[in-house]
file data-v8.cif (mmCIF, C-alpha atoms)
data_input
loop_
_atom_site.label_atom_id
_atom_site.label_comp_id
_atom_site.auth_asym_id
_atom_site.auth_seq_id
_atom_site.Cartn_x
_atom_site.Cartn_y
_atom_site.Cartn_z
CA MET A 24 -0.70 -4.81 44.30
CA ARG A 25 -1.03 -2.01 41.79
CA ARG A 26 -1.69 1.47 43.21
CA TYR A 27 -4.48 3.72 41.94
CA PRO A 28 -5.50 7.27 42.86
CA ASP A 29 -8.19 7.42 45.58
CA GLU A 30 -10.34 9.91 43.72
CA PRO A 31 -12.02 9.04 40.42
CA ALA A 32 -11.38 11.26 37.39
CA GLY A 33 -14.26 13.18 35.80
CA ALA A 34 -16.33 12.01 32.83
CA PHE A 35 -14.49 11.46 29.53
CA PRO A 36 -16.01 11.84 26.05
CA THR A 37 -17.20 8.68 24.28
CA PRO A 38 -16.78 7.61 20.64
CA PRO A 39 -17.67 8.33 17.90
CA ARG A 40 -16.14 11.80 17.74
CA GLN A 41 -14.88 14.08 15.05
CA LEU A 42 -12.13 16.63 15.63
CA THR A 43 -9.77 18.93 13.80
CA ASP A 44 -6.11 18.44 14.65
CA ARG A 45 -3.44 21.16 14.94
CA HIS A 46 -2.71 20.84 11.21
CA ASP A 47 -6.38 21.37 10.28
CA ARG A 48 -6.88 17.74 9.40
CA SER A 49 -10.30 16.23 10.07
CA ILE A 50 -9.86 13.19 12.32
CA GLN A 51 -12.53 10.61 13.14
CA LEU A 52 -12.43 8.67 16.40
CA ARG A 53 -14.50 5.52 16.64
CA ARG A 54 -14.68 2.23 18.44
CA ALA A 55 -12.83 -0.60 16.70
CA ASP A 56 -13.04 -4.39 16.87
CA ALA A 57 -11.77 -7.52 15.09
CA THR A 58 -13.27 -6.34 11.77
CA ASP A 59 -10.61 -3.58 11.72
CA ARG A 60 -7.80 -6.11 11.75
CA THR A 61 -6.68 -5.62 8.14
CA ALA A 62 -6.66 -1.82 8.39
CA LEU A 63 -4.70 -2.02 11.65
CA ILE A 64 -2.11 -4.38 10.13
CA GLU A 65 -1.69 -1.80 7.36
CA MET A 66 -1.20 0.98 9.92
CA TYR A 67 1.29 -0.97 12.01
CA THR A 68 3.42 -2.03 9.05
CA GLN A 69 3.97 1.72 8.43
CA PHE A 70 4.92 2.34 12.05
CA ASP A 71 8.30 4.03 12.56
CA PRO A 72 10.62 1.61 14.44
CA ALA A 73 11.92 4.60 16.45
CA ASP A 74 8.44 4.98 17.97
CA ARG A 75 8.33 1.42 19.25
CA ALA A 76 8.05 1.22 23.03
CA GLN A 77 8.85 -1.72 25.31
CA GLY A 78 8.76 -4.17 22.43
CA ILE A 79 5.46 -3.13 20.82
CA PRO A 80 4.21 -2.85 18.18
CA PRO A 81 6.14 -5.86 16.89
CA ALA A 82 8.20 -5.32 13.73
CA ARG A 83 7.31 -8.25 11.48
CA GLU A 84 3.88 -8.63 9.91
CA THR A 85 3.30 -12.14 11.29
CA ALA A 86 4.12 -10.88 14.80
CA ILE A 87 1.83 -7.86 14.31
CA GLU A 88 -1.01 -10.23 13.33
CA ARG A 89 -0.49 -12.37 16.42
CA TRP A 90 -0.33 -9.33 18.68
CA LEU A 91 -3.51 -7.81 17.18
CA GLU A 92 -5.32 -11.08 17.76
CA THR A 93 -4.73 -10.63 21.50
CA ILE A 94 -5.72 -6.99 21.75
CA LEU A 95 -8.74 -7.17 19.41
CA ASP A 96 -10.24 -9.92 21.56
CA ASP A 97 -13.82 -9.40 22.82
CA ASP A 98 -12.73 -8.58 26.38
CA CYS A 99 -10.53 -5.67 25.21
CA LEU A 100 -11.67 -2.15 24.23
CA ASN A 101 -10.25 -0.37 21.20
CA VAL A 102 -10.59 3.09 19.66
CA VAL A 103 -9.03 4.13 16.34
CA ALA A 104 -8.30 7.51 14.76
CA SER A 105 -8.68 7.84 11.00
CA HIS A 106 -7.93 10.52 8.44
CA ASP A 107 -9.27 10.35 4.86
CA GLY A 108 -10.27 6.74 5.50
CA ASP A 109 -6.83 5.55 6.67
CA LEU A 110 -6.09 4.59 10.27
CA VAL A 111 -3.49 6.90 11.82
CA GLY A 112 -3.83 6.07 15.51
CA HIS A 113 -5.01 3.32 17.85
CA ALA A 114 -5.53 3.04 21.60
CA THR A 115 -6.35 -0.15 23.47
CA LEU A 116 -7.43 -1.36 26.93
CA VAL A 117 -6.51 -4.95 27.80
CA PRO A 118 -7.71 -6.62 31.04
CA ASP A 119 -5.15 -7.76 33.61
CA GLU A 120 -5.71 -10.49 36.20
CA GLN A 121 -6.75 -8.14 39.03
CA GLY A 122 -9.77 -6.44 37.45
CA GLY A 123 -7.78 -3.49 36.07
CA TYR A 124 -7.00 -2.66 32.45
CA GLU A 125 -3.65 -1.85 30.81
CA LEU A 126 -3.68 1.02 28.32
CA ALA A 127 -1.47 1.62 25.30
CA ILE A 128 -1.63 4.12 22.47
CA PHE A 129 0.04 4.39 19.05
CA VAL A 130 0.00 7.30 16.60
CA LEU A 131 1.77 7.29 13.20
CA SER A 132 4.70 9.72 13.20
CA ASP A 133 3.14 12.15 10.66
CA TYR A 134 0.22 12.58 13.06
CA GLN A 135 2.14 12.97 16.30
CA GLY A 136 2.28 16.32 18.12
CA ALA A 137 -1.10 17.32 16.67
CA GLY A 138 -3.24 16.67 19.73
CA ILE A 139 -4.66 13.40 18.40
CA GLY A 140 -3.09 11.25 21.12
CA THR A 141 -4.76 13.18 23.93
CA ASP A 142 -8.20 12.89 22.31
CA LEU A 143 -7.61 9.24 21.53
CA VAL A 144 -6.74 8.41 25.16
CA GLU A 145 -9.62 10.48 26.55
CA THR A 146 -12.10 8.87 24.16
CA LEU A 147 -10.88 5.38 25.03
CA LEU A 148 -11.25 6.19 28.76
CA GLY A 149 -14.78 7.46 28.01
CA LEU A 150 -15.56 4.16 26.30
CA GLY A 151 -14.08 2.38 29.33
CA GLN A 152 -16.33 4.35 31.71
CA SER A 153 -19.41 3.51 29.62
CA GLU A 154 -18.42 -0.18 29.82
CA GLY A 155 -18.03 -0.07 33.61
CA ILE A 156 -14.22 -0.18 33.80
CA ASP A 157 -12.96 1.56 36.95
CA ARG A 158 -9.16 1.12 37.05
CA VAL A 159 -6.65 1.72 34.24
CA TRP A 160 -2.83 1.59 34.34
CA LEU A 161 0.05 1.84 31.92
CA THR A 162 3.82 1.72 31.84
CA VAL A 163 5.94 4.24 29.99
CA GLU A 164 9.68 4.58 29.52
CA ARG A 165 10.93 7.18 32.02
CA TRP A 166 12.66 9.25 29.31
CA ASN A 167 9.53 9.48 27.14
CA ASP A 168 8.60 13.04 28.22
CA PRO A 169 5.92 13.75 25.56
CA ALA A 170 4.01 10.58 26.47
CA ILE A 171 4.29 11.21 30.22
CA ALA A 172 3.05 14.81 29.74
CA LEU A 173 0.08 13.52 27.73
CA TYR A 174 -0.90 10.96 30.37
CA ARG A 175 -0.60 13.53 33.18
CA LYS A 176 -2.76 16.01 31.29
CA VAL A 177 -5.44 13.37 30.90
CA GLY A 178 -5.33 12.65 34.66
CA PHE A 179 -2.98 9.71 35.16
CA GLU A 180 -0.86 9.79 38.30
CA THR A 181 2.54 8.20 38.92
CA ALA A 182 2.09 4.88 40.70
CA ASN A 183 5.69 3.60 40.67
CA SER A 184 8.75 5.41 39.38
CA GLU A 185 11.48 3.17 40.79
CA ARG A 186 11.86 1.04 37.70
CA PHE A 187 13.13 1.69 34.16
CA GLU A 188 9.50 1.88 33.12
CA MET A 189 7.35 4.29 35.06
CA GLU A 190 3.93 3.02 36.04
CA MET A 191 0.97 5.41 35.97
CA SER A 192 -2.68 4.84 36.84
CA ILE A 193 -6.10 6.46 36.89
CA ARG A 194 -9.41 5.64 38.58
CA LEU A 195 -12.42 6.02 36.28
CA ALA A 196 -15.25 5.44 38.76
CA MET B 19 35.38 -17.93 30.55
CA HIS B 20 33.63 -18.23 33.94
CA VAL B 21 29.92 -17.56 33.61
CA LEU B 22 27.54 -16.88 36.49
CA LEU B 23 23.91 -17.57 35.61
CA GLY B 24 21.19 -16.41 37.99
CA VAL B 25 18.02 -18.56 38.04
CA GLY B 26 15.00 -17.47 40.08
CA GLY B 27 12.36 -19.83 38.70
CA SER B 28 10.65 -17.68 36.05
CA GLU B 29 10.05 -19.23 32.62
CA LEU B 30 12.60 -16.81 31.17
CA SER B 31 15.19 -17.90 33.72
CA TYR B 32 14.82 -21.53 32.51
CA GLN B 33 15.06 -20.34 28.92
CA ALA B 34 18.26 -18.53 29.90
CA LEU B 35 19.54 -21.80 31.42
CA ASP B 36 18.93 -23.68 28.15
CA GLU B 37 20.64 -21.04 26.06
CA THR B 38 23.56 -20.64 28.46
CA ILE B 39 24.24 -24.40 28.48
CA GLU B 40 24.30 -24.37 24.66
CA ARG B 41 26.74 -21.46 24.51
CA ALA B 42 28.91 -22.74 27.34
CA ARG B 43 29.25 -26.07 25.57
CA GLU B 44 30.26 -24.43 22.28
CA ALA B 45 32.66 -21.97 23.92
CA GLY B 46 34.04 -24.34 26.57
CA ASP B 47 32.89 -22.01 29.38
CA ASP B 48 32.72 -22.93 33.07
CA LEU B 49 29.17 -22.44 34.28
CA THR B 50 27.94 -21.70 37.78
CA VAL B 51 24.19 -21.62 38.32
CA ALA B 52 23.19 -19.39 41.23
CA ILE B 53 19.67 -20.17 42.46
CA PHE B 54 17.79 -17.44 44.30
CA ASP B 55 14.30 -16.83 45.66
CA ASN B 56 12.49 -14.47 43.33
CA GLU B 57 9.81 -12.71 45.39
CA GLU B 58 7.98 -11.83 42.21
CA MET B 59 7.74 -15.53 41.33
CA ASP B 60 6.68 -17.28 44.54
CA THR B 61 8.92 -20.31 43.88
CA ASP B 62 11.10 -22.22 46.32
CA GLY B 63 14.80 -22.89 45.95
CA GLY B 64 14.47 -26.68 46.21
CA ALA B 65 12.00 -26.92 43.33
CA VAL B 66 14.12 -24.61 41.21
CA GLU B 67 17.24 -26.69 41.93
CA GLY B 68 15.37 -29.84 40.90
CA ARG B 69 14.49 -28.36 37.53
CA VAL B 70 18.02 -26.99 37.03
CA ARG B 71 19.53 -30.45 37.76
CA GLU B 72 17.08 -32.14 35.39
CA THR B 73 17.95 -29.69 32.63
CA LEU B 74 21.71 -30.15 33.16
CA ASP B 75 21.33 -33.95 33.22
CA ALA B 76 19.23 -33.95 30.04
CA ALA B 77 21.85 -31.78 28.34
CA ASP B 78 24.65 -33.96 29.78
CA PHE B 79 26.49 -30.84 30.94
CA ASP B 80 28.39 -30.25 34.20
CA ALA B 81 27.87 -27.04 36.11
CA THR B 82 28.31 -25.88 39.70
CA ILE B 83 25.01 -25.25 41.48
CA ARG B 84 24.79 -22.97 44.50
CA HIS B 85 22.07 -21.08 46.38
CA ILE B 86 22.28 -17.42 47.21
CA GLU B 87 20.68 -15.75 50.21
CA GLY B 88 19.72 -12.13 50.69
CA ASP B 89 19.03 -9.59 47.98
CA PRO B 90 19.56 -11.52 44.72
CA GLY B 91 20.65 -8.55 42.58
CA SER B 92 23.37 -7.29 44.89
CA ARG B 93 24.54 -10.82 45.76
CA LEU B 94 24.97 -11.71 42.06
CA VAL B 95 27.02 -8.56 41.52
CA ASP B 96 29.13 -9.27 44.66
CA ILE B 97 29.79 -12.90 43.78
CA ALA B 98 30.76 -12.08 40.20
CA GLU B 99 33.20 -9.46 41.42
CA SER B 100 34.73 -11.23 44.41
CA GLU B 101 35.05 -14.66 42.77
CA GLY B 102 36.37 -13.55 39.40
CA PHE B 103 33.48 -14.34 37.09
CA ASP B 104 33.76 -12.92 33.58
CA ARG B 105 30.08 -12.53 32.84
CA ILE B 106 26.64 -12.59 34.48
CA VAL B 107 23.69 -14.06 32.57
CA LEU B 108 20.04 -13.46 33.51
CA GLY B 109 16.67 -14.07 31.93
CA SER B 110 14.26 -11.18 32.36
CA GLY B 111 11.71 -9.10 30.49
CA GLU B 112 8.25 -10.56 31.01
CA ARG B 113 5.51 -9.29 28.73
CA SER B 114 2.12 -8.06 29.94
CA THR B 115 -0.96 -9.42 28.13
CA LEU B 116 -0.89 -6.24 26.09
CA GLY B 117 2.63 -7.15 25.03
CA LYS B 118 4.77 -4.55 26.78
CA ILE B 119 8.09 -5.78 28.13
CA GLN B 120 9.09 -4.90 31.68
CA LEU B 121 12.40 -5.85 33.22
CA GLY B 122 12.32 -7.34 36.69
CA SER B 123 13.91 -5.42 39.55
CA ILE B 124 16.73 -7.97 39.94
CA ALA B 125 17.75 -7.68 36.27
CA GLU B 126 17.62 -3.90 36.50
CA PHE B 127 19.91 -3.86 39.50
CA VAL B 128 22.42 -6.21 37.89
CA LEU B 129 22.45 -4.30 34.58
CA LEU B 130 23.12 -1.01 36.33
CA ASN B 131 25.61 -2.20 38.96
CA ALA B 132 27.59 -5.15 37.63
CA GLN B 133 31.31 -4.64 36.99
CA THR B 134 31.30 -7.48 34.46
CA PRO B 135 29.49 -7.67 31.13
CA VAL B 136 25.88 -8.84 31.53
CA THR B 137 23.90 -10.95 29.08
CA LEU B 138 20.14 -10.44 29.30
CA ILE B 139 18.07 -13.23 27.78
CA ARG B 140 14.52 -12.32 26.90
#
call {"tool": "encode", "arguments": {"input": "data-v8.cif", "output": "structure tokens"}}
result
Amino acid sequence: MRRYPDEPAGAFPTPPRQLTDRHDRSIQLRRADATDRTALIEMYTQFDPADRAQGIPPARETAIERWLETILDDDCLNVVASHDGDLVGHATLVPDEQGGYELAIFVLSDYQGAGIGTDLVETLLGLGQSEGIDRVWLTVERWNDPAIALYRKVGFETANSERFEMEMSIRLA
Amino acid sequence: MHVLLGVGGSELSYQALDETIERAREAGDDLTVAIFDNEEMDTDGGAVEGRVRETLDAADFDATIRHIEGDPGSRLVDIAESEGFDRIVLGSGERSTLGKIQLGSIAEFVLLNAQTPVTLIR
């Protein structure tokens, strides 16, 4: 059984949102669905292989297409970040078999370290709250300090740290 | 070469069996299949042995089959060391629906503690 914090986190902001990142770029956050498939394929083909985590995003375009088909399904929630009309970040919630949702986030390398990831995760959790989702979890490689710091700041707590991949979780309601 | 393959009944462990038979045939390796109860899988040793035998028969390949008791990770490492195996092979690395790979705890233990080379099939 997956462990979650007892206490729910506070309210998170919902999409759409507009923000200015640390490099003064204007970033739009909005909900995404299957109609964003082509733009997401374009984003993921630019993704730096060094930023891949636990096998995703896949490297080849055909594998990216197959993977996006799963996570753009109607029972998943997606938020994208765009700059000047191009997608630069994407966060997704995918249901598991126990009523919880697994979270993952991806930001293109030129846009990392600019605060976009934090807003993207918070906005996705806000969308999750508005859709009645109450439990969210994720796994992260134990050595990925920037990602772990981001998740902690947002309110995730460590659920299991005995494995290669650390598991973290948050209760939304 | 003497190869010790651990099979706990996950789909990946059967995939590892197929691939190990192929390689063992090409390389002329001796293969021992060690069947264990994988708590994460909820399978029983008898059913796993049945499928292992079927696969070996279909491939027309001879291998030693044995069952291991106790903690599978540490037993695999012990057996490889004390009985002179050259390599341990395991299938592990299931993907969540979202697509992230996570290694199982048995594979993690073997990777970190084995004194022999380890092949991870995923």
call {"tool": "residues_around", "arguments": {"input": "data-v8.cif", "residues": "Ala82 (chain A)", "least_positions_apart": "4", "cutoff": "9 Å", "atoms": "only C-alpha atoms", "output": "PyMOL selection string"}}
result
chain A and resi 67-68+70+72+75+78+86-87
call {"tool": "interface_residues", "arguments": {"input": "data-v8.cif", "of": "chain B", "to": "chain A", "cutoff": "7 Å", "atoms": "only C-alpha atoms", "output": "ChimeraX atom specification"}}
result
/B:116-120
call {"tool": "residues_around", "arguments": {"input": "data-v8.cif", "residues": "Arg25 (chain A)", "least_positions_apart": "6", "cutoff": "10 Å", "atoms": "all atoms listed in the file", "output": "JSON, numbers by chain"}}
result
{"A": [121, 123, 158, 160, 182, 183, 190, 191, 192]}
call {"tool": "resolve_selection", "arguments": {"input": "data-v8.cif", "expression": "the PyMOL selection byres ((chain A and resi 103) around 6)", "output": "list of chain:residue names"}}
result
A:Leu52, A:Arg53, A:Val102, A:Ala104, A:Gly112, A:His113
call {"tool": "atom_distance", "arguments": {"input": "data-v8.cif", "atom1": "CA of Asp96 (chain B)", "atom2": "CA of Gly26 (chain B)"}}
result
17.0 Å
call {"tool": "atom_distance", "arguments": {"input": "data-v8.cif", "atom1": "CA of Val177 (chain A)", "atom2": "CA of Glu145 (chain A)"}}
result
6.7 Å
call {"tool": "residues_near_point", "arguments": {"input": "data-v8.cif", "point": "(16.8, -9.9, 42.4)", "cutoff": "8 Å", "atoms": "only C-alpha atoms", "output": "MDAnalysis selection string"}}
result
chainID B and resid 54 56 89:92 122:125 127
call {"tool": "resolve_selection", "arguments": {"input": "data-v8.cif", "expression": "the PyMOL selection byres ((chain B and resi 19) around 8)", "output": "list in words"}}
result
His20, Val21, Gly46, Asp47, Asp48, Phe103, Asp104 and Arg105 of chain B
call {"tool": "resolve_selection", "arguments": {"input": "data-v8.cif", "expression": "the PyMOL selection byres ((chain A and resi 106) around 10)", "output": "PyMOL selection string"}}
result
chain A and resi 48-52+104-105+107-112+134
call {"tool": "atom_distance", "arguments": {"input": "data-v8.cif", "atom1": "CA of Gly109 (chain B)", "atom2": "CA of Leu94 (chain B)"}}
result
13.3 Å
call {"tool": "closest_residue", "arguments": {"input": "data-v8.cif", "among": "B:Glu67, B:Ala42, B:Ser110, B:Glu101", "to": "Leu129 (chain B)", "atoms": "all atoms listed in the file"}}
result
B:Ser110
call {"tool": "axis_aligned_box", "arguments": {"input": "data-v8.cif", "around": "region 84-103 of chain B", "padding_each_side": "5 Å", "output": "JSON"}}
result
{"center_x": 27.7, "center_y": -15.1, "center_z": 43.9, "size_x": 27.3, "size_y": 25.7, "size_z": 23.6}
call {"tool": "closest_residue", "arguments": {"input": "data-v8.cif", "among": "A:Glu92, A:Asp71, A:Glu180, A:Ala57", "to": "Asp133 (chain A)", "atoms": "only C-alpha atoms"}}
result
A:Asp71
